[in-house]
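Asker: What follows is run30.cif, mmCIF, C-alpha atoms.
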data_protein
loop_
_atom_site.group_PDB
_atom_site.id
_atom_site.type_symbol
_atom_site.label_atom_id
_atom_site.label_comp_id
_atom_site.auth_asym_id
_atom_site.auth_seq_id
_atom_site.Cartn_x
_atom_site.Cartn_y
_atom_site.Cartn_z
ATOM 1 C CA MET A 1 0.000 0.000 0.000
ATOM 2 C CA ILE A 2 1.833 3.022 -1.263
ATOM 3 C CA LEU A 3 -0.646 5.664 -2.343
ATOM 4 C CA GLY A 4 -4.010 4.022 -1.639
ATOM 5 C CA VAL A 5 -4.975 3.726 -5.298
ATOM 6 C CA CYS A 6 -5.777 0.013 -5.213
ATOM 7 C CA GLY A 7 -7.872 0.356 -2.073
ATOM 8 C CA GLY A 8 -9.792 3.251 -3.584
ATOM 9 C CA ILE A 9 -10.473 1.388 -6.814
ATOM 10 C CA ALA A 10 -11.582 -1.676 -4.873
ATOM 11 C CA GLU A 11 -13.905 0.415 -2.729
ATOM 12 C CA TYR A 12 -15.400 2.111 -5.787
ATOM 13 C CA PHE A 13 -16.127 -1.217 -7.513
ATOM 14 C CA ASP A 14 -17.035 -2.954 -4.210
ATOM 15 C CA ILE A 15 -14.462 -5.740 -4.556
ATOM 16 C CA ASP A 16 -11.659 -7.071 -2.384
ATOM 17 C CA PRO A 17 -8.591 -4.772 -2.428
ATOM 18 C CA THR A 18 -6.302 -7.805 -2.617
ATOM 19 C CA VAL A 19 -7.685 -8.651 -6.055
ATOM 20 C CA VAL A 20 -6.898 -5.154 -7.338
ATOM 21 C CA ARG A 21 -3.411 -5.266 -5.794
ATOM 22 C CA VAL A 22 -2.645 -8.642 -7.407
ATOM 23 C CA ILE A 23 -3.791 -7.361 -10.806
ATOM 24 C CA THR A 24 -1.619 -4.260 -10.351
ATOM 25 C CA VAL A 25 1.445 -6.357 -9.494
ATOM 26 C CA ILE A 26 0.869 -8.610 -12.501
ATOM 27 C CA LEU A 27 0.587 -5.574 -14.790
ATOM 28 C CA ALA A 28 3.731 -4.071 -13.244
ATOM 29 C CA LEU A 29 5.658 -7.286 -13.873
ATOM 30 C CA CYS A 30 4.472 -7.340 -17.493
ATOM 31 C CA GLY A 31 6.048 -3.975 -18.156
ATOM 32 C CA PHE A 32 5.672 -0.286 -17.565
ATOM 33 C CA ILE A 33 1.903 -0.348 -18.145
ATOM 34 C CA GLY A 34 1.136 -1.312 -14.540
ATOM 35 C CA ILE A 35 3.382 1.296 -12.970
ATOM 36 C CA GLY A 36 2.347 3.985 -15.425
ATOM 37 C CA LEU A 37 -1.344 3.250 -15.006
ATOM 38 C CA TYR A 38 -0.976 3.291 -11.216
ATOM 39 C CA LEU A 39 0.673 6.714 -11.307
ATOM 40 C CA VAL A 40 -1.907 8.126 -13.714
ATOM 41 C CA VAL A 41 -4.787 6.944 -11.516
ATOM 42 C CA TRP A 42 -3.076 8.360 -8.429
ATOM 43 C CA LEU A 43 -2.616 11.704 -10.167
ATOM 44 C CA VAL A 44 -6.269 11.805 -11.264
ATOM 45 C CA LEU A 45 -7.426 10.978 -7.748
ATOM 46 C CA LYS A 46 -5.103 13.577 -6.250
ATOM 47 C CA LEU A 47 -6.314 16.310 -8.593
ATOM 48 C CA SER A 48 -9.972 15.464 -7.944
ATOM 49 C CA GLU A 49 -9.712 16.071 -4.182
#
For the file at hand, write its structure as C-alpha cells.

Answerer:
Amino acid sequence: MILGVCGGIAEYFDIDPTVVRVITVILALCGFIGIGLYLVVWLVLKLSE
C-alpha cells in the first residue's frame, strides 16, 4: 500500500482490495503499463480532491 490507489479502486467497484493489488502487481511485472497506469490513476485521484 503506497498511495491508496488500489484500495480506492476496490472500494469504488465494491471488490476485495487484494484482487486489485494482485492485478496491479501482474501488470507491473508485465512492463511499464502497470506502474504507469498506477501513477496516472493516483494523479487523477489527487487532482480530484

Asker: If you count all atoms listed in the file, which residues fall within 12 Å of Leu37 of chain A, apart from same-chain ones fewer than 3 positions away, as number ranges by chain?

Answerer: A: 5-6, 23-25, 27-28, 31-34, 40-44

Asker: Please evaluate the PyMOL selection byres ((chain A and resi 20) around 8) against the structure above and give the resulting residues as number ranges by chain.

Answerer: A: 6-7, 9-10, 16-19, 21-24

Asker: Rounded to one decimal in Å, what is the spacing between atom CA of Lys46 of chain A and atom CA of Cys30 of chain A?

Answerer: 25.6 Å

Asker: How big is the axis-aligned box, and where does its centre sit, when it encloses all atoms of segment 26-41 of chain A listed in the file and has 6 Å added on every side, reported in Å to one decimal as lines of an AutoDock Vina configuration file?

Answerer:
center_x = 0.6
center_y = -0.2
center_z = -14.7
size_x = 22.8
size_y = 28.7
size_z = 18.9

Asker: Output requested as a PDB file, in the frame of the given file - segment 5-16 of chain A, filled out with all heavy atoms.

Answerer:
ATOM      1  N   VAL A   5      -4.232   3.803  -4.036  1.00  0.00           N
ATOM      2  CA  VAL A   5      -4.975   3.726  -5.298  1.00  0.00           C
ATOM      3  C   VAL A   5      -5.754   2.413  -5.384  1.00  0.00           C
ATOM      4  O   VAL A   5      -6.939   2.416  -5.708  1.00  0.00           O
ATOM      5  CB  VAL A   5      -4.023   3.865  -6.503  1.00  0.00           C
ATOM      6  CG1 VAL A   5      -4.750   3.602  -7.805  1.00  0.00           C
ATOM      7  CG2 VAL A   5      -3.395   5.248  -6.501  1.00  0.00           C
ATOM      8  N   CYS A   6      -5.118   1.315  -5.096  1.00  0.00           N
ATOM      9  CA  CYS A   6      -5.777   0.013  -5.213  1.00  0.00           C
ATOM     10  C   CYS A   6      -6.957  -0.105  -4.246  1.00  0.00           C
ATOM     11  O   CYS A   6      -8.006  -0.624  -4.613  1.00  0.00           O
ATOM     12  CB  CYS A   6      -4.785  -1.116  -4.956  1.00  0.00           C
ATOM     13  SG  CYS A   6      -3.506  -1.223  -6.213  1.00  0.00           S
ATOM     14  N   GLY A   7      -6.779   0.384  -3.044  1.00  0.00           N
ATOM     15  CA  GLY A   7      -7.872   0.356  -2.073  1.00  0.00           C
ATOM     16  C   GLY A   7      -9.039   1.219  -2.514  1.00  0.00           C
ATOM     17  O   GLY A   7     -10.198   0.848  -2.348  1.00  0.00           O
ATOM     18  N   GLY A   8      -8.737   2.363  -3.100  1.00  0.00           N
ATOM     19  CA  GLY A   8      -9.792   3.251  -3.584  1.00  0.00           C
ATOM     20  C   GLY A   8     -10.551   2.660  -4.756  1.00  0.00           C
ATOM     21  O   GLY A   8     -11.775   2.750  -4.827  1.00  0.00           O
ATOM     22  N   ILE A   9      -9.828   2.034  -5.671  1.00  0.00           N
ATOM     23  CA  ILE A   9     -10.473   1.388  -6.814  1.00  0.00           C
ATOM     24  C   ILE A   9     -11.335   0.227  -6.335  1.00  0.00           C
ATOM     25  O   ILE A   9     -12.467   0.047  -6.798  1.00  0.00           O
ATOM     26  CB  ILE A   9      -9.420   0.910  -7.832  1.00  0.00           C
ATOM     27  CG1 ILE A   9      -8.758   2.115  -8.486  1.00  0.00           C
ATOM     28  CG2 ILE A   9     -10.045  -0.001  -8.881  1.00  0.00           C
ATOM     29  CD1 ILE A   9      -7.577   1.773  -9.356  1.00  0.00           C
ATOM     30  N   ALA A  10     -10.822  -0.545  -5.405  1.00  0.00           N
ATOM     31  CA  ALA A  10     -11.582  -1.676  -4.873  1.00  0.00           C
ATOM     32  C   ALA A  10     -12.847  -1.200  -4.163  1.00  0.00           C
ATOM     33  O   ALA A  10     -13.915  -1.799  -4.301  1.00  0.00           O
ATOM     34  CB  ALA A  10     -10.714  -2.488  -3.918  1.00  0.00           C
ATOM     35  N   GLU A  11     -12.737  -0.123  -3.421  1.00  0.00           N
ATOM     36  CA  GLU A  11     -13.905   0.415  -2.729  1.00  0.00           C
ATOM     37  C   GLU A  11     -14.947   0.917  -3.731  1.00  0.00           C
ATOM     38  O   GLU A  11     -16.140   0.692  -3.555  1.00  0.00           O
ATOM     39  CB  GLU A  11     -13.486   1.561  -1.804  1.00  0.00           C
ATOM     40  CG  GLU A  11     -14.609   2.113  -0.973  1.00  0.00           C
ATOM     41  CD  GLU A  11     -14.146   3.198  -0.025  1.00  0.00           C
ATOM     42  OE1 GLU A  11     -13.001   3.100   0.474  1.00  0.00           O
ATOM     43  OE2 GLU A  11     -14.912   4.140   0.194  1.00  0.00           O
ATOM     44  N   TYR A  12     -14.492   1.581  -4.769  1.00  0.00           N
ATOM     45  CA  TYR A  12     -15.400   2.111  -5.787  1.00  0.00           C
ATOM     46  C   TYR A  12     -16.178   0.991  -6.477  1.00  0.00           C
ATOM     47  O   TYR A  12     -17.369   1.110  -6.714  1.00  0.00           O
ATOM     48  CB  TYR A  12     -14.610   2.924  -6.812  1.00  0.00           C
ATOM     49  CG  TYR A  12     -15.471   3.526  -7.895  1.00  0.00           C
ATOM     50  CD1 TYR A  12     -16.214   4.675  -7.662  1.00  0.00           C
ATOM     51  CD2 TYR A  12     -15.549   2.932  -9.146  1.00  0.00           C
ATOM     52  CE1 TYR A  12     -17.008   5.229  -8.647  1.00  0.00           C
ATOM     53  CE2 TYR A  12     -16.343   3.473 -10.142  1.00  0.00           C
ATOM     54  CZ  TYR A  12     -17.073   4.621  -9.885  1.00  0.00           C
ATOM     55  OH  TYR A  12     -17.870   5.160 -10.872  1.00  0.00           O
ATOM     56  N   PHE A  13     -15.487  -0.108  -6.820  1.00  0.00           N
ATOM     57  CA  PHE A  13     -16.127  -1.217  -7.513  1.00  0.00           C
ATOM     58  C   PHE A  13     -16.675  -2.279  -6.555  1.00  0.00           C
ATOM     59  O   PHE A  13     -17.190  -3.301  -6.994  1.00  0.00           O
ATOM     60  CB  PHE A  13     -15.159  -1.865  -8.503  1.00  0.00           C
ATOM     61  CG  PHE A  13     -14.896  -1.009  -9.708  1.00  0.00           C
ATOM     62  CD1 PHE A  13     -13.663  -0.392  -9.870  1.00  0.00           C
ATOM     63  CD2 PHE A  13     -15.871  -0.811 -10.663  1.00  0.00           C
ATOM     64  CE1 PHE A  13     -13.415   0.400 -10.982  1.00  0.00           C
ATOM     65  CE2 PHE A  13     -15.632  -0.022 -11.774  1.00  0.00           C
ATOM     66  CZ  PHE A  13     -14.406   0.590 -11.932  1.00  0.00           C
ATOM     67  N   ASP A  14     -16.534  -2.055  -5.253  1.00  0.00           N
ATOM     68  CA  ASP A  14     -17.035  -2.954  -4.210  1.00  0.00           C
ATOM     69  C   ASP A  14     -16.481  -4.370  -4.362  1.00  0.00           C
ATOM     70  O   ASP A  14     -17.220  -5.353  -4.391  1.00  0.00           O
ATOM     71  CB  ASP A  14     -18.563  -2.965  -4.210  1.00  0.00           C
ATOM     72  CG  ASP A  14     -19.129  -3.567  -2.933  1.00  0.00           C
ATOM     73  OD1 ASP A  14     -18.475  -3.433  -1.878  1.00  0.00           O
ATOM     74  OD2 ASP A  14     -20.210  -4.183  -2.990  1.00  0.00           O
ATOM     75  N   ILE A  15     -15.144  -4.455  -4.497  1.00  0.00           N
ATOM     76  CA  ILE A  15     -14.462  -5.740  -4.556  1.00  0.00           C
ATOM     77  C   ILE A  15     -13.334  -5.750  -3.534  1.00  0.00           C
ATOM     78  O   ILE A  15     -13.002  -4.722  -2.940  1.00  0.00           O
ATOM     79  CB  ILE A  15     -13.911  -6.048  -5.971  1.00  0.00           C
ATOM     80  CG1 ILE A  15     -12.955  -4.947  -6.439  1.00  0.00           C
ATOM     81  CG2 ILE A  15     -15.031  -6.237  -6.970  1.00  0.00           C
ATOM     82  CD1 ILE A  15     -12.295  -5.239  -7.775  1.00  0.00           C
ATOM     83  N   ASP A  16     -12.742  -6.913  -3.347  1.00  0.00           N
ATOM     84  CA  ASP A  16     -11.659  -7.071  -2.384  1.00  0.00           C
ATOM     85  C   ASP A  16     -10.406  -6.336  -2.868  1.00  0.00           C
ATOM     86  O   ASP A  16      -9.985  -6.518  -4.016  1.00  0.00           O
ATOM     87  CB  ASP A  16     -11.363  -8.557  -2.216  1.00  0.00           C
ATOM     88  CG  ASP A  16     -10.361  -8.846  -1.120  1.00  0.00           C
ATOM     89  OD1 ASP A  16     -10.223  -8.016  -0.203  1.00  0.00           O
ATOM     90  OD2 ASP A  16      -9.718  -9.915  -1.176  1.00  0.00           O
TER      91      ASP A  16
END
